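Content type TSV, C-alpha atoms and all ligand atoms, from the file structure_2.tsv:
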chain	number	residue	atom	x	y	z
A	1	MET	CA	-114.76	109.38	-129.90
A	2	LEU	CA	-113.60	105.93	-130.88
A	3	GLU	CA	-116.55	103.65	-131.40
A	4	ASP	CA	-116.53	100.79	-128.90
A	5	LYS	CA	-117.35	97.64	-130.87
A	6	ASN	CA	-116.24	95.40	-128.05
A	7	GLN	CA	-119.41	94.51	-126.17
A	8	THR	CA	-117.79	92.03	-123.76
A	9	ARG	CA	-117.26	93.50	-120.32
A	10	THR	CA	-115.05	91.33	-118.12
A	11	PRO	CA	-114.91	92.48	-114.49
A	12	LEU	CA	-111.28	92.94	-113.42
A	13	SER	CA	-112.03	90.99	-110.25
A	14	GLU	CA	-112.35	87.88	-112.43
A	15	LEU	CA	-108.73	88.22	-113.50
A	16	GLY	CA	-106.76	89.46	-110.53
A	17	GLU	CA	-103.59	91.54	-110.86
A	18	PHE	CA	-101.29	89.00	-112.50
A	19	LYS	CA	-103.73	87.75	-115.14
A	20	LEU	CA	-104.64	91.34	-115.94
A	21	ILE	CA	-100.98	92.23	-116.54
A	22	ASP	CA	-100.67	89.12	-118.74
A	23	ARG	CA	-103.71	90.09	-120.79
A	24	LEU	CA	-102.54	93.66	-121.27
A	25	THR	CA	-98.97	92.82	-122.17
A	26	LYS	CA	-99.07	89.51	-124.03
A	27	HIS	CA	-98.92	91.16	-127.47
A	28	THR	CA	-96.09	93.49	-126.52
A	29	LYS	CA	-93.40	93.54	-129.21
A	30	ILE	CA	-89.77	94.23	-128.46
A	31	HIS	CA	-88.11	96.40	-131.12
A	32	HIS	CA	-84.61	96.83	-129.74
A	33	ASP	CA	-81.82	94.33	-129.15
A	34	SER	CA	-80.87	96.41	-126.13
A	35	THR	CA	-84.14	95.40	-124.40
A	36	VAL	CA	-82.84	92.27	-122.70
A	37	LYS	CA	-85.88	91.72	-120.46
A	38	GLY	CA	-89.28	93.41	-120.73
A	39	VAL	CA	-92.38	92.67	-118.68
A	40	GLY	CA	-92.22	89.76	-116.25
A	41	ASP	CA	-89.45	90.31	-113.74
A	42	ASP	CA	-88.85	92.70	-110.86
A	43	CYS	CA	-87.07	95.11	-113.22
A	44	ALA	CA	-86.80	95.63	-116.94
A	45	VAL	CA	-83.22	94.97	-118.08
A	46	ILE	CA	-81.50	97.10	-120.70
A	47	ASP	CA	-78.11	96.44	-122.23
A	48	THR	CA	-76.12	99.64	-121.96
A	49	GLY	CA	-72.70	98.31	-122.92
A	50	ASP	CA	-70.41	97.11	-120.16
A	51	GLN	CA	-73.24	96.77	-117.67
A	52	LEU	CA	-76.96	96.10	-117.60
A	53	SER	CA	-79.32	98.89	-116.59
A	54	LEU	CA	-82.33	98.10	-114.43
A	55	VAL	CA	-85.66	99.98	-114.39
A	56	THR	CA	-88.62	99.46	-112.09
A	57	THR	CA	-91.67	101.49	-111.19
A	58	ASP	CA	-94.38	101.28	-108.52
A	59	LEU	CA	-97.51	103.26	-107.82
A	60	LEU	CA	-98.85	103.77	-104.29
A	61	VAL	CA	-102.43	104.98	-103.86
A	62	GLU	CA	-103.93	106.45	-100.69
A	63	GLY	CA	-106.65	104.20	-99.33
A	64	VAL	CA	-105.29	101.21	-101.27
A	65	HIS	CA	-101.63	100.99	-100.27
A	66	PHE	CA	-101.48	103.32	-97.31
A	67	ASP	CA	-103.69	104.94	-94.70
A	68	LEU	CA	-102.50	108.33	-93.51
A	69	SER	CA	-104.32	107.97	-90.20
A	70	TYR	CA	-101.44	105.82	-88.94
A	71	MET	CA	-98.77	106.22	-91.63
A	72	PRO	CA	-96.74	109.38	-90.97
A	73	LEU	CA	-95.93	111.13	-94.26
A	74	LYS	CA	-92.20	110.96	-93.62
A	75	HIS	CA	-92.42	107.18	-93.27
A	76	LEU	CA	-94.58	106.98	-96.37
A	77	GLY	CA	-91.91	108.78	-98.40
A	78	TYR	CA	-89.23	106.46	-97.06
A	79	LYS	CA	-91.29	103.33	-97.71
A	80	ALA	CA	-92.24	104.40	-101.24
A	81	VAL	CA	-88.53	104.53	-102.08
A	82	MET	CA	-87.84	101.17	-100.37
A	83	VAL	CA	-90.53	99.42	-102.41
A	84	ASN	CA	-88.67	100.37	-105.59
A	85	LEU	CA	-85.10	99.83	-104.42
A	86	SER	CA	-86.13	96.36	-103.28
A	87	ASP	CA	-86.96	95.44	-106.89
A	88	VAL	CA	-83.50	96.61	-108.02
A	89	TYR	CA	-81.73	94.60	-105.29
A	90	SER	CA	-83.82	91.56	-106.25
A	91	MET	CA	-82.03	91.57	-109.62
A	92	ASN	CA	-78.74	91.49	-107.65
A	93	GLY	CA	-78.15	95.08	-108.80
A	94	ASN	CA	-77.34	98.42	-107.25
A	95	ALA	CA	-79.84	101.27	-107.25
A	96	LYS	CA	-78.46	104.62	-108.45
A	97	GLN	CA	-81.29	107.05	-109.24
A	98	ILE	CA	-85.01	107.56	-108.64
A	99	THR	CA	-87.71	109.79	-110.08
A	100	VAL	CA	-90.72	110.68	-107.96
A	101	SER	CA	-94.15	111.65	-109.32
A	102	ILE	CA	-97.03	112.77	-107.14
A	103	ALA	CA	-100.69	113.53	-107.69
A	104	VAL	CA	-102.11	115.44	-104.75
A	105	SER	CA	-105.47	116.91	-103.76
A	106	ASN	CA	-105.80	120.36	-102.24
A	107	ARG	CA	-106.41	118.70	-98.86
A	108	PHE	CA	-102.61	118.62	-98.47
A	109	PRO	CA	-100.71	121.74	-97.41
A	110	LEU	CA	-97.13	122.38	-98.51
A	111	GLU	CA	-95.83	121.30	-95.11
A	112	ALA	CA	-97.36	117.83	-95.51
A	113	LEU	CA	-95.62	117.31	-98.83
A	114	GLU	CA	-92.36	118.57	-97.33
A	115	GLU	CA	-92.75	115.86	-94.69
A	116	LEU	CA	-93.23	113.28	-97.44
A	117	TYR	CA	-90.07	114.53	-99.14
A	118	SER	CA	-88.06	114.45	-95.91
A	119	GLY	CA	-88.64	110.68	-95.92
A	120	ILE	CA	-87.71	110.43	-99.60
A	121	HIS	CA	-84.51	112.41	-99.00
A	122	LEU	CA	-83.60	110.29	-95.97
A	123	ALA	CA	-84.03	107.11	-98.04
A	124	CYS	CA	-81.87	108.56	-100.83
A	125	LYS	CA	-79.13	109.49	-98.36
A	126	THR	CA	-79.20	106.17	-96.52
A	127	TYR	CA	-79.18	104.09	-99.72
A	128	ASN	CA	-76.86	106.37	-101.72
A	129	VAL	CA	-79.41	107.07	-104.43
A	130	ASP	CA	-79.98	110.33	-106.36
A	131	LEU	CA	-83.42	111.89	-106.81
A	132	VAL	CA	-83.21	113.10	-110.42
A	133	GLY	CA	-86.72	114.15	-111.44
A	134	GLY	CA	-90.41	113.36	-111.47
A	135	ASP	CA	-93.74	114.99	-112.12
A	136	THR	CA	-96.32	116.86	-110.03
A	137	THR	CA	-100.01	117.12	-110.71
A	138	SER	CA	-103.33	117.46	-108.91
A	139	SER	CA	-105.72	114.68	-107.99
A	140	THR	CA	-109.45	114.93	-107.30
A	141	LYS	CA	-109.07	112.80	-104.21
A	142	GLY	CA	-106.16	111.67	-102.12
A	143	LEU	CA	-102.47	111.20	-102.74
A	144	LEU	CA	-100.76	109.05	-105.35
A	145	ILE	CA	-97.01	108.45	-105.44
A	146	SER	CA	-95.25	106.82	-108.34
A	147	ILE	CA	-91.53	106.15	-108.06
A	148	THR	CA	-89.22	104.81	-110.74
A	149	ALA	CA	-85.84	103.44	-109.75
A	150	LEU	CA	-82.83	102.96	-112.00
A	151	GLY	CA	-80.00	100.62	-111.19
A	152	GLN	CA	-77.05	98.76	-112.61
A	153	VAL	CA	-75.61	95.28	-112.45
A	154	GLU	CA	-72.67	93.54	-114.05
A	155	LYS	CA	-73.79	91.06	-116.70
A	156	LYS	CA	-72.26	88.11	-114.88
A	157	ASN	CA	-74.12	88.93	-111.66
A	158	ILE	CA	-77.71	89.47	-112.80
A	159	ALA	CA	-80.37	87.29	-111.17
A	160	TYR	CA	-83.67	86.80	-113.00
A	161	ARG	CA	-86.74	85.05	-111.63
A	162	SER	CA	-86.25	82.38	-114.29
A	163	GLY	CA	-82.82	80.91	-113.58
A	164	ALA	CA	-83.48	78.36	-110.81
A	165	GLY	CA	-82.24	74.83	-111.51
A	166	SER	CA	-83.42	71.48	-110.12
A	167	ASN	CA	-81.99	70.79	-106.67
A	168	ASP	CA	-80.99	74.43	-106.16
A	169	LEU	CA	-81.50	75.54	-102.58
A	170	LEU	CA	-84.30	78.01	-101.84
A	171	VAL	CA	-83.07	80.75	-99.50
A	172	VAL	CA	-84.82	83.65	-97.79
A	173	THR	CA	-83.28	86.67	-96.03
A	174	GLY	CA	-84.28	88.05	-92.62
A	175	ASP	CA	-87.60	86.97	-91.16
A	176	LEU	CA	-91.16	86.99	-92.49
A	177	GLY	CA	-94.65	88.04	-91.46
A	178	ALA	CA	-93.81	90.99	-89.22
A	179	ALA	CA	-94.93	93.74	-91.62
A	180	TYR	CA	-98.37	92.15	-92.02
A	181	LEU	CA	-98.81	91.79	-88.26
A	182	GLY	CA	-97.64	95.38	-87.81
A	183	LEU	CA	-100.49	96.44	-90.09
A	184	GLN	CA	-102.98	94.39	-88.06
A	185	VAL	CA	-101.76	96.03	-84.84
A	186	LEU	CA	-102.05	99.52	-86.36
A	187	GLU	CA	-105.55	98.78	-87.74
A	188	ARG	CA	-106.62	97.59	-84.30
A	189	GLU	CA	-105.24	100.72	-82.65
A	190	LYS	CA	-107.02	102.87	-85.21
A	191	GLN	CA	-110.34	101.26	-84.30
A	192	VAL	CA	-109.69	101.71	-80.58
A	193	PHE	CA	-108.78	105.34	-81.25
A	194	GLU	CA	-111.95	105.93	-83.30
A	195	VAL	CA	-114.06	104.75	-80.38
A	196	ASP	CA	-112.06	106.66	-77.76
A	197	PRO	CA	-109.68	109.36	-79.05
A	198	ASN	CA	-108.08	109.61	-75.58
A	199	ALA	CA	-107.23	105.90	-75.40
A	200	GLU	CA	-103.60	105.04	-74.63
A	201	HIS	CA	-101.75	103.46	-77.51
A	202	GLU	CA	-100.59	99.97	-76.58
A	203	LEU	CA	-97.73	99.40	-78.98
A	204	ASP	CA	-94.88	98.47	-76.61
A	205	ASN	CA	-95.15	94.73	-77.29
A	206	TYR	CA	-95.23	95.25	-81.02
A	207	THR	CA	-92.37	97.67	-81.71
A	208	TYR	CA	-90.62	95.37	-84.20
A	209	LEU	CA	-93.86	94.61	-86.07
A	210	VAL	CA	-94.87	98.27	-86.35
A	211	GLU	CA	-91.38	99.27	-87.46
A	212	ARG	CA	-91.40	96.59	-90.17
A	213	GLN	CA	-94.72	97.95	-91.46
A	214	LEU	CA	-93.94	101.66	-91.22
A	215	LYS	CA	-90.21	101.71	-91.93
A	216	PRO	CA	-89.17	98.72	-94.03
A	217	GLU	CA	-85.57	98.51	-95.22
A	218	ALA	CA	-84.71	97.17	-98.67
A	219	ARG	CA	-81.94	94.53	-98.57
A	220	LYS	CA	-79.09	96.40	-100.21
A	221	ASP	CA	-76.84	94.71	-97.67
A	222	ILE	CA	-77.67	91.28	-99.11
A	223	VAL	CA	-76.43	92.26	-102.58
A	224	LYS	CA	-73.12	93.20	-100.97
A	225	LEU	CA	-73.09	90.09	-98.79
A	226	LEU	CA	-73.60	87.82	-101.81
A	227	THR	CA	-70.81	89.61	-103.67
A	228	ASP	CA	-68.49	89.20	-100.67
A	229	LEU	CA	-69.41	85.50	-100.39
A	230	GLU	CA	-68.87	85.12	-104.16
A	231	VAL	CA	-72.35	83.69	-104.61
A	232	VAL	CA	-74.48	84.60	-107.64
A	233	PRO	CA	-78.08	83.51	-107.05
A	234	THR	CA	-79.48	81.40	-109.88
A	235	SER	CA	-82.79	83.23	-109.46
A	236	MET	CA	-84.12	85.97	-107.18
A	237	ILE	CA	-87.29	87.95	-106.36
A	238	ASP	CA	-88.24	90.32	-103.56
A	239	ILE	CA	-91.03	89.48	-101.14
A	240	SER	CA	-93.64	92.17	-101.59
A	241	ASP	CA	-96.76	89.99	-101.75
A	242	GLY	CA	-95.87	87.10	-99.41
A	243	LEU	CA	-93.65	84.02	-99.52
A	244	SER	CA	-96.21	81.81	-101.29
A	245	SER	CA	-96.89	84.25	-104.13
A	246	GLU	CA	-93.16	84.90	-104.70
A	247	THR	CA	-92.29	81.19	-104.53
A	248	LEU	CA	-94.90	80.56	-107.22
A	249	HIS	CA	-93.39	83.34	-109.37
A	250	LEU	CA	-89.87	81.84	-109.07
A	251	CYS	CA	-91.09	78.30	-109.80
A	252	LYS	CA	-93.27	79.33	-112.75
A	253	ALA	CA	-90.61	81.57	-114.31
A	254	SER	CA	-87.96	78.86	-113.85
A	255	LYS	CA	-90.32	76.00	-114.84
A	256	LYS	CA	-89.41	74.16	-111.65
A	257	GLY	CA	-91.26	72.75	-108.67
A	258	CYS	CA	-90.20	73.15	-105.07
A	259	GLN	CA	-90.44	71.67	-101.61
A	260	LEU	CA	-90.59	74.36	-98.94
A	261	TYR	CA	-90.27	73.26	-95.32
A	262	GLU	CA	-92.64	74.91	-92.84
A	263	ASP	CA	-90.24	74.45	-89.91
A	264	LYS	CA	-87.48	76.33	-91.77
A	265	ILE	CA	-89.45	79.55	-92.34
A	266	PRO	CA	-87.70	82.26	-90.28
A	267	LEU	CA	-90.00	84.02	-87.80
A	268	ASP	CA	-89.16	86.68	-85.23
A	269	GLN	CA	-90.12	85.93	-81.64
A	270	GLN	CA	-92.53	88.89	-81.68
A	271	VAL	CA	-94.27	87.38	-84.72
A	272	ILE	CA	-94.67	84.06	-82.91
A	273	SER	CA	-96.03	85.61	-79.69
A	274	THR	CA	-98.37	88.00	-81.53
A	275	CYS	CA	-99.74	85.17	-83.68
A	276	GLU	CA	-100.49	83.26	-80.49
A	277	GLU	CA	-102.20	86.31	-79.01
A	278	PHE	CA	-104.27	87.00	-82.15
A	279	ASN	CA	-104.90	83.29	-82.60
A	280	ILE	CA	-103.61	83.16	-86.17
A	281	ASP	CA	-101.26	80.70	-87.81
A	282	SER	CA	-97.73	82.12	-88.09
A	283	THR	CA	-97.03	80.04	-91.22
A	284	MET	CA	-100.09	81.55	-92.89
A	285	VAL	CA	-98.84	85.01	-91.95
A	286	ALA	CA	-95.37	84.34	-93.41
A	287	LEU	CA	-96.78	82.78	-96.59
A	288	SER	CA	-99.44	85.36	-97.32
A	289	GLY	CA	-98.57	88.44	-95.30
A	290	GLY	CA	-96.47	90.47	-97.71
A	291	GLU	CA	-94.61	93.78	-97.45
A	292	ASP	CA	-91.58	92.21	-95.77
A	293	TYR	CA	-89.28	93.33	-98.62
A	294	GLU	CA	-86.93	90.45	-97.91
A	295	LEU	CA	-85.26	88.61	-100.79
A	296	LEU	CA	-86.09	85.07	-101.90
A	297	PHE	CA	-83.46	83.38	-104.05
A	298	THR	CA	-81.98	80.10	-105.19
A	299	VAL	CA	-78.34	79.00	-105.11
A	300	LYS	CA	-76.57	75.94	-106.43
A	301	GLN	CA	-76.03	73.13	-103.92
A	302	GLU	CA	-72.28	73.61	-104.24
A	303	ASP	CA	-72.64	77.14	-102.82
A	304	PHE	CA	-74.16	75.81	-99.59
A	305	PRO	CA	-70.88	75.96	-97.59
A	306	LYS	CA	-70.60	79.68	-98.44
A	307	ILE	CA	-74.03	80.60	-97.08
A	308	LYS	CA	-74.28	78.03	-94.29
A	309	GLY	CA	-74.79	79.47	-90.81
A	310	ASN	CA	-75.12	83.07	-92.01
A	311	PRO	CA	-77.59	84.76	-89.63
A	312	ASN	CA	-79.12	86.76	-92.51
A	313	LEU	CA	-79.92	83.72	-94.64
A	314	SER	CA	-82.25	80.74	-94.10
A	315	VAL	CA	-82.38	77.75	-96.41
A	316	ILE	CA	-86.09	76.95	-96.51
A	317	GLY	CA	-86.34	74.37	-99.26
A	318	HIS	CA	-85.12	73.16	-102.61
A	319	MET	CA	-86.20	73.22	-106.24
A	320	THR	CA	-87.31	70.11	-108.11
A	321	ASP	CA	-87.78	69.13	-111.76
A	322	GLU	CA	-91.52	68.60	-111.18
A	323	PRO	CA	-93.07	71.99	-112.07
A	324	GLU	CA	-96.54	70.81	-111.09
A	325	LEU	CA	-95.44	70.18	-107.50
A	326	ILE	CA	-94.94	73.46	-105.65
A	327	GLN	CA	-95.41	72.26	-102.11
A	328	LEU	CA	-95.16	73.14	-98.45
A	329	VAL	CA	-93.91	70.29	-96.28
A	330	THR	CA	-95.69	70.85	-92.97
A	331	ARG	CA	-94.19	70.24	-89.53
A	332	GLY	CA	-96.17	67.00	-89.51
A	333	GLY	CA	-94.54	65.89	-92.79
A	334	GLN	CA	-97.67	66.42	-94.90
A	335	LYS	CA	-97.25	67.94	-98.36
A	336	VAL	CA	-99.74	70.64	-99.36
A	337	ASP	CA	-99.86	72.67	-102.56
A	338	ILE	CA	-98.76	76.26	-102.21
A	339	THR	CA	-101.32	78.67	-103.65
A	340	ALA	CA	-101.13	82.43	-104.02
A	341	GLN	CA	-103.16	82.69	-100.82
A	342	GLY	CA	-101.13	80.37	-98.64
A	343	TRP	CA	-103.84	79.86	-96.07
A	344	ASN	CA	-106.05	78.00	-98.60
A	345	ALA	CA	-103.46	75.28	-98.76
A	346	LEU	CA	-103.23	75.22	-95.02
A	347	ASP	CA	-107.00	74.92	-94.66
A	348	ASP	CA	-106.69	71.39	-96.05
A	349	ASN	CA	-104.86	70.31	-92.91
B	401	LIG	P1	-93.36	93.82	-108.51
B	401	LIG	O1	-94.29	93.23	-107.48
B	401	LIG	O2	-92.00	93.23	-108.47
B	401	LIG	O3	-93.34	95.33	-108.49
B	401	LIG	P2	-95.46	93.49	-110.43
B	401	LIG	O4	-96.17	92.27	-109.96
B	401	LIG	O5	-96.02	94.82	-110.11
B	401	LIG	O6	-93.94	93.40	-109.96
B	401	LIG	O7	-95.31	93.41	-112.01
B	401	LIG	C1	-94.91	92.24	-112.67
B	401	LIG	C2	-94.38	92.60	-114.06
B	401	LIG	O8	-95.39	93.20	-114.86
B	401	LIG	C3	-93.23	93.60	-114.02
B	401	LIG	O9	-92.32	93.23	-115.05
B	401	LIG	C4	-93.92	94.92	-114.36
B	401	LIG	O10	-93.02	95.83	-114.97
B	401	LIG	C5	-95.01	94.50	-115.32
B	401	LIG	N1	-96.20	95.37	-115.32
B	401	LIG	C6	-97.03	95.60	-114.26
B	401	LIG	N2	-98.05	96.41	-114.62
B	401	LIG	C7	-97.88	96.69	-115.94
B	401	LIG	C8	-98.60	97.47	-116.89
B	401	LIG	N3	-99.71	98.12	-116.55
B	401	LIG	N4	-98.13	97.53	-118.16
B	401	LIG	C9	-96.99	96.90	-118.51
B	401	LIG	N5	-96.27	96.14	-117.66
B	401	LIG	C10	-96.69	96.02	-116.38
B	402	MG	MG	-90.69	92.60	-106.97

Encoded form using structure tokens:
Amino acid sequence: MLEDKNQTRTPLSELGEFKLIDRLTKHTKIHHDSTVKGVGDDCAVIDTGDQLSLVTTDLLVEGVHFDLSYMPLKHLGYKAVMVNLSDVYSMNGNAKQITVSIAVSNRFPLEALEELYSGIHLACKTYNVDLVGGDTTSSTKGLLISITALGQVEKKNIAYRSGAGSNDLLVVTGDLGAAYLGLQVLEREKQVFEVDPNAEHELDNYTYLVERQLKPEARKDIVKLLTDLEVVPTSMIDISDGLSSETLHLCKASKKGCQLYEDKIPLDQQVISTCEEFNIDSTMVALSGGEDYELLFTVKQEDFPKIKGNPNLSVIGHMTDEPELIQLVTRGGQKVDITAQGWNALDDN
């Protein structure tokens, strides 16, 4: 055994995910010129000659990232692939291959894992991606899925988190907050079901929300759209954790500030009506909800005519040369700091 001379014991809860990654990786040394980008973006970037190769990996853990009591295994397989492809598209690249590794307890029969793989295969077919390997092992409890995606992008088209310039427009795809609300609806139904297993499921009013939670689609179409429009984003990230967290990542990586306008945040009608019903703030849901797998990017002002009026794209703000000011401009015109948990900022109102 290695002797443990380090007596300090820092609880991980003191750090949070991002500080922990920083601590673990800050002394990482890069040994190869071909490693263009290591830790710190949605994908690692490797120079493979004519093109850049992209690599990203994600780990999903039962009880942490998914609950099998309302997540069908086929959907889980599909979503696990989407989570990874989304990171490739957020570099403005195209996903080509995935590997899939699973750790599984003996609670799962073969048929359950075949269900999981039917979702993985459907995702591969729909997104034109090849499943090329993986690993299989046992777990003492529950199911773990780790997927690695490989992609490619032409050098002139790559979009890092760090490229935003002052006055660039901040743009988001699709609409936000639905996946989070879908989860709330499913959690509520689960509780109803636990009390009364014969209860009718009341999901009719929430079909879009539940679909966004259970069957998200990564925005491959946006990479094509941007190519067709001849727009290369100056920076880009995918929205896995929520608009506020991803905006902070873009600003920090680009050393820029931003002004994000509350009234420009795109929300589906079902999100608005469900927020009213649940008595929660729809802006808070969009800022902090997560799992939307939309893309957040910046473009130069001169590209505005090319993206203007496109139903897939909403300009929600602009970047500034004041890195200390990352702000939400509320409907009332107040400016509040955006924090990783967007609702804290909103509490000041
Ligand atoms: P995303 O949400 O896009 O998947 P993460 O927030 O998980 O990105 O990770 C941020 C960055 O940190 C990425 O570059 C990722 O590769 C890297 N990273 C995360 N965990 C580790 C780890 N345990 N060791 C090394 N790098 C890590
Ligand atoms: Mg990402």

Counting only C-alpha atoms and all ligand atoms, which residue out of A:Val171, A:Val192, A:Ile239, A:Cys258 sits closest to ligand LIG 401 (chain B)?
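Residue with the minimum atom-to-atom distance to ligand LIG 401 (chain B): A:Ile239.
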
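CA of Thr298 (chain A) is positioned 13.1 Å from CA of Leu248 (chain A).
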
Suppose you want the space between CA of Cys251 (chain A) and CA of Ser90 (chain A); what is it in Å?
15.5 Å

Grab all the atoms of region 77-96 of chain A that the file lists, wrap them in a box along x, y and z, add 5 Å per side, and give me centre plus edge lengths in Å (one decimal) as lines of an AutoDock Vina configuration file.
center_x = -84.8
center_y = 100.1
center_z = -103.3
size_x = 24.9
size_y = 27.3
size_z = 22.6

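Between atom N5 of ligand LIG 401 (chain B) and CA of Gly40 (chain A) the separation is 7.7 Å.
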
Distance query Ala95 (chain A) at most 10 Å, all atoms listed in the file, self and fewer than 6 positions along chain excluded, as an NGL selection string
:A and (53-55 or 84-89 or 124 or 127-130 or 149-153 or 220)

For the residues in the current selection, export C-alpha atoms as a PDB file, in the frame of the given file.
ATOM      1  CA  SER A  53     -79.320  98.890-116.590  1.00  0.00           C
ATOM      2  CA  LEU A  54     -82.330  98.100-114.430  1.00  0.00           C
ATOM      3  CA  VAL A  55     -85.660  99.980-114.390  1.00  0.00           C
ATOM      4  CA  ASN A  84     -88.670 100.370-105.590  1.00  0.00           C
ATOM      5  CA  LEU A  85     -85.100  99.830-104.420  1.00  0.00           C
ATOM      6  CA  SER A  86     -86.130  96.360-103.280  1.00  0.00           C
ATOM      7  CA  ASP A  87     -86.960  95.440-106.890  1.00  0.00           C
ATOM      8  CA  VAL A  88     -83.500  96.610-108.020  1.00  0.00           C
ATOM      9  CA  TYR A  89     -81.730  94.600-105.290  1.00  0.00           C
ATOM     10  CA  CYS A 124     -81.870 108.560-100.830  1.00  0.00           C
ATOM     11  CA  TYR A 127     -79.180 104.090 -99.720  1.00  0.00           C
ATOM     12  CA  ASN A 128     -76.860 106.370-101.720  1.00  0.00           C
ATOM     13  CA  VAL A 129     -79.410 107.070-104.430  1.00  0.00           C
ATOM     14  CA  ASP A 130     -79.980 110.330-106.360  1.00  0.00           C
ATOM     15  CA  ALA A 149     -85.840 103.440-109.750  1.00  0.00           C
ATOM     16  CA  LEU A 150     -82.830 102.960-112.000  1.00  0.00           C
ATOM     17  CA  GLY A 151     -80.000 100.620-111.190  1.00  0.00           C
ATOM     18  CA  GLN A 152     -77.050  98.760-112.610  1.00  0.00           C
ATOM     19  CA  VAL A 153     -75.610  95.280-112.450  1.00  0.00           C
ATOM     20  CA  LYS A 220     -79.090  96.400-100.210  1.00  0.00           C
TER      21      LYS A 220
END

Ligand LIG 401 (chain B) neighbours within 10 Å using all atoms listed in the file, as an mmCIF file with C-alpha atoms, keeping the file's coordinate frame:
data_model
loop_
_atom_site.group_PDB
_atom_site.id
_atom_site.type_symbol
_atom_site.label_atom_id
_atom_site.label_comp_id
_atom_site.auth_asym_id
_atom_site.auth_seq_id
_atom_site.Cartn_x
_atom_site.Cartn_y
_atom_site.Cartn_z
ATOM 1 C CA GLU A 17 -103.590 91.540 -110.860
ATOM 2 C CA PHE A 18 -101.290 89.000 -112.500
ATOM 3 C CA LYS A 19 -103.730 87.750 -115.140
ATOM 4 C CA LEU A 20 -104.640 91.340 -115.940
ATOM 5 C CA ILE A 21 -100.980 92.230 -116.540
ATOM 6 C CA ASP A 22 -100.670 89.120 -118.740
ATOM 7 C CA ARG A 23 -103.710 90.090 -120.790
ATOM 8 C CA LEU A 24 -102.540 93.660 -121.270
ATOM 9 C CA THR A 25 -98.970 92.820 -122.170
ATOM 10 C CA LYS A 26 -99.070 89.510 -124.030
ATOM 11 C CA THR A 28 -96.090 93.490 -126.520
ATOM 12 C CA LYS A 37 -85.880 91.720 -120.460
ATOM 13 C CA GLY A 38 -89.280 93.410 -120.730
ATOM 14 C CA VAL A 39 -92.380 92.670 -118.680
ATOM 15 C CA GLY A 40 -92.220 89.760 -116.250
ATOM 16 C CA ASP A 41 -89.450 90.310 -113.740
ATOM 17 C CA ASP A 42 -88.850 92.700 -110.860
ATOM 18 C CA CYS A 43 -87.070 95.110 -113.220
ATOM 19 C CA ALA A 44 -86.800 95.630 -116.940
ATOM 20 C CA VAL A 45 -83.220 94.970 -118.080
ATOM 21 C CA VAL A 55 -85.660 99.980 -114.390
ATOM 22 C CA THR A 56 -88.620 99.460 -112.090
ATOM 23 C CA THR A 57 -91.670 101.490 -111.190
ATOM 24 C CA ASP A 58 -94.380 101.280 -108.520
ATOM 25 C CA LEU A 59 -97.510 103.260 -107.820
ATOM 26 C CA VAL A 83 -90.530 99.420 -102.410
ATOM 27 C CA ASN A 84 -88.670 100.370 -105.590
ATOM 28 C CA SER A 86 -86.130 96.360 -103.280
ATOM 29 C CA ASP A 87 -86.960 95.440 -106.890
ATOM 30 C CA VAL A 88 -83.500 96.610 -108.020
ATOM 31 C CA SER A 90 -83.820 91.560 -106.250
ATOM 32 C CA ILE A 237 -87.290 87.950 -106.360
ATOM 33 C CA ASP A 238 -88.240 90.320 -103.560
ATOM 34 C CA ILE A 239 -91.030 89.480 -101.140
ATOM 35 C CA SER A 240 -93.640 92.170 -101.590
ATOM 36 C CA ASP A 241 -96.760 89.990 -101.750
ATOM 37 C CA SER A 245 -96.890 84.250 -104.130
ATOM 38 C CA GLU A 246 -93.160 84.900 -104.700
ATOM 39 C CA HIS A 249 -93.390 83.340 -109.370
#

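Each of A:Ser34, A:Thr247, A:Thr227, A:Ser288 was compared to ligand MG 402 (chain B) using all atoms listed in the file, and A:Thr247 turns out to be the nearest.
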
Once you count only C-alpha atoms, which residues end up no further than 12 Å from (-104.5, 99.8, -83.0) in the file's frame, shown as number ranges by chain?
A: 69-70, 181-197, 199-204, 206, 210
